[in-house]
Structure formats: C-alpha cells, structure tokens
Amino acid sequence: MLEQNTVLGQRKAAIRRLIENCLYQNQREGKLSFTEIADFVVEQPREEAHGDFAANAAMVMAKVCRRAPRDIAALLKDSIEKACAAQEADTAEIQQVEIAGPGFLNFWLKPGWLGACLEEILAQGENFGRSNTGQGKKIQVEFVSANPTGELHMGNARGAAIGDSLANILNAAGFQAEREFYINDAGNQIEKFGLSLDALYQTRLGHPVPFPEDGYHGADLPRLIEDLVAREGDIYLKLPDQERRNLLADYALSLKITDIRNALRNFGVEYDVWFSERTLHESGAVQGIIDKLDQDDWLLQQDGAIWLDCRRFGEEKPEVLVRNNGVPTYFAADIAYHDNKFRRGFDTVIDIWGADHHGHVARMQGAMEALGYDRQRLEVILMQFVRLYQGGQLLKMSKRTGQYVTLNELVEEVGRDAARFFFVMRSADSLIDFDMDLAKKQSADNPVYYAQYAHARICSILAAAPAGVCSVAADCSLLRQEGEEKLIRKLAAFPDEVATAALSREPHRLAMYILDLAAQFHNFYGQCHCLVEDQALMSARLHLIQAVAGVIRRGLAMLGVSAPEKM
RNA sequence: GCGCUCAUAGCUCAGCUGGAUAGAGUGUUUGGCUACGAACCAAAAGGUCGCAGGUUCGAGUCCUGCUGGGCGCACCA
C-alpha cells in the first residue's frame, strides 16, 4: 500500500522518495543496474531498536540488480548520507541511517519529530483519523438483510456490528459509504409466512386450521395475531383465502420491519436505504434482467425452466432463474438487485453474508460479469457462524423452531457497548461460540471497558487540571520519556489504521488498535504524572492525553461504542 | 465425492497482506495505591504457528498434499 496523506504517511512517503532518488542516482552513476524499482515497503519496525522507520528496498532490489542486498544497502546508505549532508529534499527530519539484518535500511529521525507529530495531530483536531484514502468513491455496504419474518438473532447482531462499523470506517477513510438493508418481502418465504399467520388467525377465531408443516413458529406471531383480533375482530375471515393471507402477511411484515428497524437502532445502527425486493418484481426489473441475459445469450431452456449458464463464468452447473411455474427464483431477483445497486452509481458494493451463503458468492459475481460489470466490484464478506450455547450445550439456532437469542435480549443483558465490541473485535472469519449465561457473568471483563476506562481516566485528569492550560499551545517537544514517545507513536498511527481497516474491510483491526492505544496510555499513566509543577511539561502532557482521549472517543464511535467521561 | 473456510500459549484471540527475537487478554505465580480513577501498572512462566513438502535472501503469512473442525453442493432464500 502506498502511503496515505497522514502524519506518519507523509514521513514514510518522504523516505520512499529519498530512497527512490538514491536508487536512480546510483543507476546514473553506473553503480546499480535495473529497469524498474521493485515495490518496497517503508514501515515502522516492531522493535524500537530498529529505528523509527525501516525500508526493505535493498532486499527487494537484490534480484533486479543481481547484487547482494547488503551491497545495495551500503550504496543507498552512502547516497542517503550525502543527500542529508547536502540538505536535499526529503532529508530534513532524518538523523541517521543504518544497515541491519539481511539488508534493512533503518532510519532514525531527529529528536523532537514525535513532538512535531503530536502538534500536527492536535492541529487537525476532530479531523485527525480521517484521510482521503477512498478519494470519495461511493461504496455501498449491505448487511443484516434478515428475513423480515422473524426476529434478529446473534448472527444478525454480528453482521450489524461489522457492517455498521465498516461503513463508519470507510467514511472516515474518505469513501462515501451507504448502509443498506435488503427486505426479502417477496417470494416463497412470504407465502409460507402468510399461510402460518392465516392458520393462527383462523384458529384463534374458532376455525381450527392445521399449522403448515414448514411454517413459522416465532413466539411473537400469536401475540401479533392476538393484537389484530383485539383491534379488528374477524373482519378478514370473509375474504378469499389468498387475499386474506396477503393482507395478514403485509400487516405482519410492516410490524416486523418496524421491530427490526427499532432493534437495530437500539444497537446503534441507522440505515440509509431500506430496499424492498418486491419493488424489483413490480417494476419489471427482474424480468428486464432476464431479457437482457437472454439477449446476450446467457440462458438455457430445460425442463420448462429458464437457467443461467453459469459454466460460462467458471461455475460447475447452470442455475435456475425462472421455475417451470413461471416464478423467478431468489437468484434472479438478487441479480436484478445488484444490477440496481451498480446503476445507482456505486463503485464498489460490499455484501456481508453468513458463511452458509458462500456457495452463492462466485455465482453472484459471475452473474455481474454476465451483465458486463467487473466482478471485482462486488465484494462479499463471509461471516462465520455464531454458535449458541447454554450451560455448555450447543443450541440449534433456527427461525422456524423459534429457538434463539434475539438482538434485543443481547443488548438488554450485556449492554450495547459490550455487545458491539464483542462482535467487532473478532475477525469475520472466526467462528464464535456464544453462551448468554457466560456473557452476562463476564460482561464486566469485556475489553471495551479497558478502553473506556482509559478515556474516563483522562477526562478526570483534564477536569482536575488548572483551567485554561489546554487552550494555549504547548511545546510538545518536551515529551521525551519512553512512555510519552510510545504513546505518540501509537497515536500517530491512527489514520493509517483506519485506512488499512477500510481497505481490507476489516473493522476488527480498529478495535485491536484502540485496545493497544489504551494499553499504551495506561502504561504512560504509570510512568508519568500529568499534573506536575513544571507548567510547560504539564501543558504538554495534558495536550498529549487530550489527543489520546479524542482518538479513543472517535475510534470507539466508529465501532458504535460510547466513550463515557465517568464510569 | 466436489467446493468454500478455519487451525497460533492451558483457554479466547491478534499478527499491519512475505520481513528482523511470533504478540495481547484471560488463567497461574510475584510485586505495586500518603500524587492526576487499582475497571490500572510492572515482572515471571507459558509456543514443533495442526502435519509434511515446495516457492526465495527470508514463510505464521503464498503453493501442493494430508489430518481435523465449521459450512455449502435445491425449480429454498
């Protein structure tokens, strides 16, 4: 990845330019021979003994130049030192260069550069953490999109935490991200839903009807019917069966969608768009997509059904788009839906799906290719399952059996902050075992409190500080203790961490970063006292911790987690 | 059977897309509140990165095979 336009990124970029110039110069002087500079990395080494920044340029150039890495490093070191002595561009902050290990170039910057970083950070204020990495590209994140026939469960909670945080992170990194919920309000499921409701309705009114075999057993449906009967009695009984089912389904759907919206809102998630599958059928978009695919000769007729020939984009077998009864499949609607997304101008579309849908990924991307889109523009984040345990026993999670822990229960039992952090701190591809009893007992151990505690601690120090100290600029170059420098380094990495999390679509990186920063702060707290006699030093330290608090607060906010001033 | 995915400390997990001596939390052991919040800090101990090959200056990370867990392979969504 190339350097971002950030506090650290600018410094890395300067070192990169310097190295590139030195490479070319050696080429001109005939000391090195290459046609192209290989892609090398400028990074902050893990070990501080390896300097402030390190570059592997000599190693990656070894092959191209047909020279030993350390020979190249020696040439580069020499050129860099000459450039520094001549005060050429990009050398202003460089103090020293060393060759280390297999051929790393380790750079030490002049003392005080970290203070300068902190001053830049403070100057950026609330904007620190943001970057232009995304260059304003439009990205859509579609997540949860649970069937509106049931309640939201733990898997949905995980998707919500990841999707919402990802959208926040993308926005902070300079993308224009939109959140979308796809409402599956059409098709087979809804038919069954109507049948289930109708059975409950008629039975409640004294006309026992057997409950459909694969109907919905959600505990909330009888209550919903009870409300309807209490309000409107038996007026729907007289209607034709199909019409009554549709009415009951529509009635229940609108209530359930409201419930879902409220549950997600309660979890800190607000969508930009709620997109109805039904509109795709009613507008003719589904038929339109089938016609287009037919025109471009992607379709097959067999057994009275219409198939998409997925073999042409590398899949094993064709897939049905229109059943032999004339009803389009979910796949057909989904193709039309994604076509619609791209028509709305998104550069990239990210879907967050459960791991059970992985077989659908390549087909869907292939279908986009068939429509003439670059398949890379559809990205799918596959989330592994949340397995539900109770007292050490695995529970079977299913909407149909009605046995699950709902999102609302989760928020109620462990709290929104703990719940969101619990999900967003793990990478999407780890399988999670969740035990509600354990979660309740252990919610106080949730790492989120570690970060929140650091924030609250800072707030109380700032509250105890003499008035006005933070409103005048401080001399941050006074911060030269180990704990202070480490803290500034960590702080400075924030925008790059956000950018990396955005580009890799991995919000858990940000959670890890915040915990690291909090740890670094707690360590600093043990080493350095803020409210000291020396006014200049006190001011510098207060500015430092103020910046830390800001980063923790904004970082947590991206994860949908609050940063209380007291706990 | 075919495919996707995961395997890292006793347990739960990171590991910056191939870099230098693999890191946190938790648990165990030990030390630290008469200074800004002990929901904290410091230290010790804990590893054949599932196994076997391969690619190269260099592999937890990439490729192949194997073992084991999860999930798919519908005219369901």
# chains A, B, ... in the order shown; residues from 1 in each chain; ligands from 1
call {"tool": "interface_residues", "arguments": {"of": "chain B", "to": "chain A", "cutoff": "9 Å", "atoms": "only C-alpha atoms (C1' of nucleotides)", "output": "JSON, numbers by chain"}}
result
{"B": [3, 4, 5, 6, 13, 14, 16, 17, 19, 20, 24, 25, 35, 36, 37, 39, 40, 41, 57, 58, 70, 71, 72, 73, 75, 76, 77]}
call {"tool": "select_by_dssp", "arguments": {"residues": "segment 63-306 of chain A", "states": "strand (DSSP E or B)", "output": "PyMOL selection string"}}
result
chain A and resi 94-100+104-109+128+130+138-142+153+176-183+273-276+299-302+305-306
call {"tool": "select_by_dssp", "arguments": {"residues": "segment 76-320 of chain A", "states": "helix (DSSP H, G or I)", "output": "MDAnalysis selection string"}}
result
chainID A and resid 76:85 113:127 154:172 188:204 220:232 241:266 277:282 285:295 310:313
call {"tool": "residues_around", "arguments": {"residues": "segment 81-94 of chain A", "least_positions_apart": "2", "cutoff": "9 Å", "atoms": "only C-alpha atoms (C1' of nucleotides)", "output": "list in words"}}
result
Arg11, Ala13, Ala14, Ile15, Arg17, Leu18, Cys22, Leu76, Lys77, Asp78, Ser79, Gln96, Val97, Phe107, Trp108, Leu109, Lys110, Pro111 and Trp113 of chain A
call {"tool": "write_last_selection", "arguments": {"atoms": "N, CA and C atoms", "output": "compact mmCIF listing (two decimals), in the first residue's frame"}}
result
# COMPACT_ATOMS: atom_id res chain seq x y z
N ARG A 11 5.71 11.12 6.31
CA ARG A 11 7.11 10.83 6.62
C ARG A 11 7.59 9.58 5.90
N ALA A 13 6.41 8.58 3.10
CA ALA A 13 6.50 8.94 1.68
C ALA A 13 7.80 9.67 1.40
N ALA A 14 8.22 10.52 2.36
CA ALA A 14 9.47 11.26 2.18
C ALA A 14 10.64 10.28 2.10
N ILE A 15 10.63 9.29 2.98
CA ILE A 15 11.71 8.30 2.97
C ILE A 15 11.67 7.50 1.67
N ARG A 17 10.59 8.50 -1.28
CA ARG A 17 11.10 9.33 -2.37
C ARG A 17 12.61 9.42 -2.31
N LEU A 18 13.11 9.58 -1.08
CA LEU A 18 14.55 9.69 -0.90
C LEU A 18 15.25 8.42 -1.40
N CYS A 22 17.79 8.00 -4.60
CA CYS A 22 19.13 7.45 -4.43
C CYS A 22 19.35 6.24 -5.34
N LEU A 76 23.07 2.62 -0.94
CA LEU A 76 21.96 3.51 -0.61
C LEU A 76 22.29 4.35 0.61
N LYS A 77 22.86 3.71 1.61
CA LYS A 77 23.20 4.42 2.84
C LYS A 77 24.14 5.58 2.52
N ASP A 78 25.12 5.28 1.69
CA ASP A 78 26.08 6.29 1.28
C ASP A 78 25.40 7.47 0.59
N SER A 79 24.53 7.14 -0.36
CA SER A 79 23.83 8.20 -1.10
C SER A 79 22.93 9.01 -0.18
N GLN A 96 19.76 9.69 11.06
CA GLN A 96 20.75 8.63 10.93
C GLN A 96 20.16 7.47 10.14
N VAL A 97 21.01 6.81 9.37
CA VAL A 97 20.60 5.60 8.64
C VAL A 97 21.55 4.48 8.98
N PHE A 107 15.96 3.86 9.68
CA PHE A 107 16.05 5.32 9.76
C PHE A 107 15.69 5.81 11.15
N TRP A 108 16.55 6.68 11.67
CA TRP A 108 16.21 7.40 12.89
C TRP A 108 15.95 8.85 12.52
N LEU A 109 14.84 9.38 13.01
CA LEU A 109 14.55 10.79 12.75
C LEU A 109 15.11 11.64 13.89
N LYS A 110 15.19 12.94 13.63
CA LYS A 110 15.77 13.83 14.63
C LYS A 110 14.90 13.89 15.87
N PRO A 111 15.52 13.95 17.04
CA PRO A 111 14.72 14.03 18.28
C PRO A 111 13.75 15.19 18.15
N TRP A 113 10.92 14.89 16.52
CA TRP A 113 9.96 14.67 15.42
C TRP A 113 8.64 14.17 15.94
call {"tool": "atom_distance", "arguments": {"atom1": "atom CA of Ala263 of chain A", "atom2": "atom CA of Glu232 of chain A"}}
result
26.7 Å
call {"tool": "residues_around", "arguments": {"residues": "Val286 of chain A", "least_positions_apart": "4", "cutoff": "6 Å", "atoms": "only C-alpha atoms (C1' of nucleotides)", "output": "NGL selection string"}}
result
:A and (280-281 or 333 or 336)
call {"tool": "write_last_selection", "arguments": {"atoms": "all heavy atoms", "output": "short mmCIF file (atom, residue, chain, number, x, y, z; two decimals), in the first residue's frame"}}
result
data_model
loop_
_atom_site.label_atom_id
_atom_site.label_comp_id
_atom_site.auth_asym_id
_atom_site.auth_seq_id
_atom_site.Cartn_x
_atom_site.Cartn_y
_atom_site.Cartn_z
N LEU A 280 -38.60 -4.78 -7.03
CA LEU A 280 -37.87 -5.28 -8.19
C LEU A 280 -38.78 -6.10 -9.10
O LEU A 280 -38.66 -6.07 -10.32
CB LEU A 280 -36.69 -6.14 -7.76
CG LEU A 280 -35.52 -5.42 -7.09
CD1 LEU A 280 -34.55 -6.44 -6.51
CD2 LEU A 280 -34.82 -4.52 -8.08
N HIS A 281 -39.68 -6.83 -8.46
CA HIS A 281 -40.63 -7.64 -9.24
C HIS A 281 -41.68 -6.73 -9.87
O HIS A 281 -41.99 -6.84 -11.05
CB HIS A 281 -41.31 -8.68 -8.34
CG HIS A 281 -40.35 -9.69 -7.79
ND1 HIS A 281 -39.97 -10.81 -8.49
CD2 HIS A 281 -39.67 -9.74 -6.61
CE1 HIS A 281 -39.10 -11.51 -7.76
NE2 HIS A 281 -38.90 -10.87 -6.62
N ALA A 333 -33.89 -12.48 -8.70
CA ALA A 333 -34.16 -11.19 -8.06
C ALA A 333 -32.87 -10.56 -7.55
O ALA A 333 -32.67 -9.35 -7.64
CB ALA A 333 -35.14 -11.38 -6.90
N ALA A 336 -30.99 -8.90 -10.30
CA ALA A 336 -31.62 -7.62 -10.61
C ALA A 336 -31.29 -6.59 -9.52
O ALA A 336 -31.04 -5.41 -9.81
CB ALA A 336 -33.13 -7.79 -10.72
#
call {"tool": "atom_distance", "arguments": {"atom1": "atom CA of Val405 of chain A", "atom2": "atom CA of Leu510 of chain A"}}
result
27.1 Å
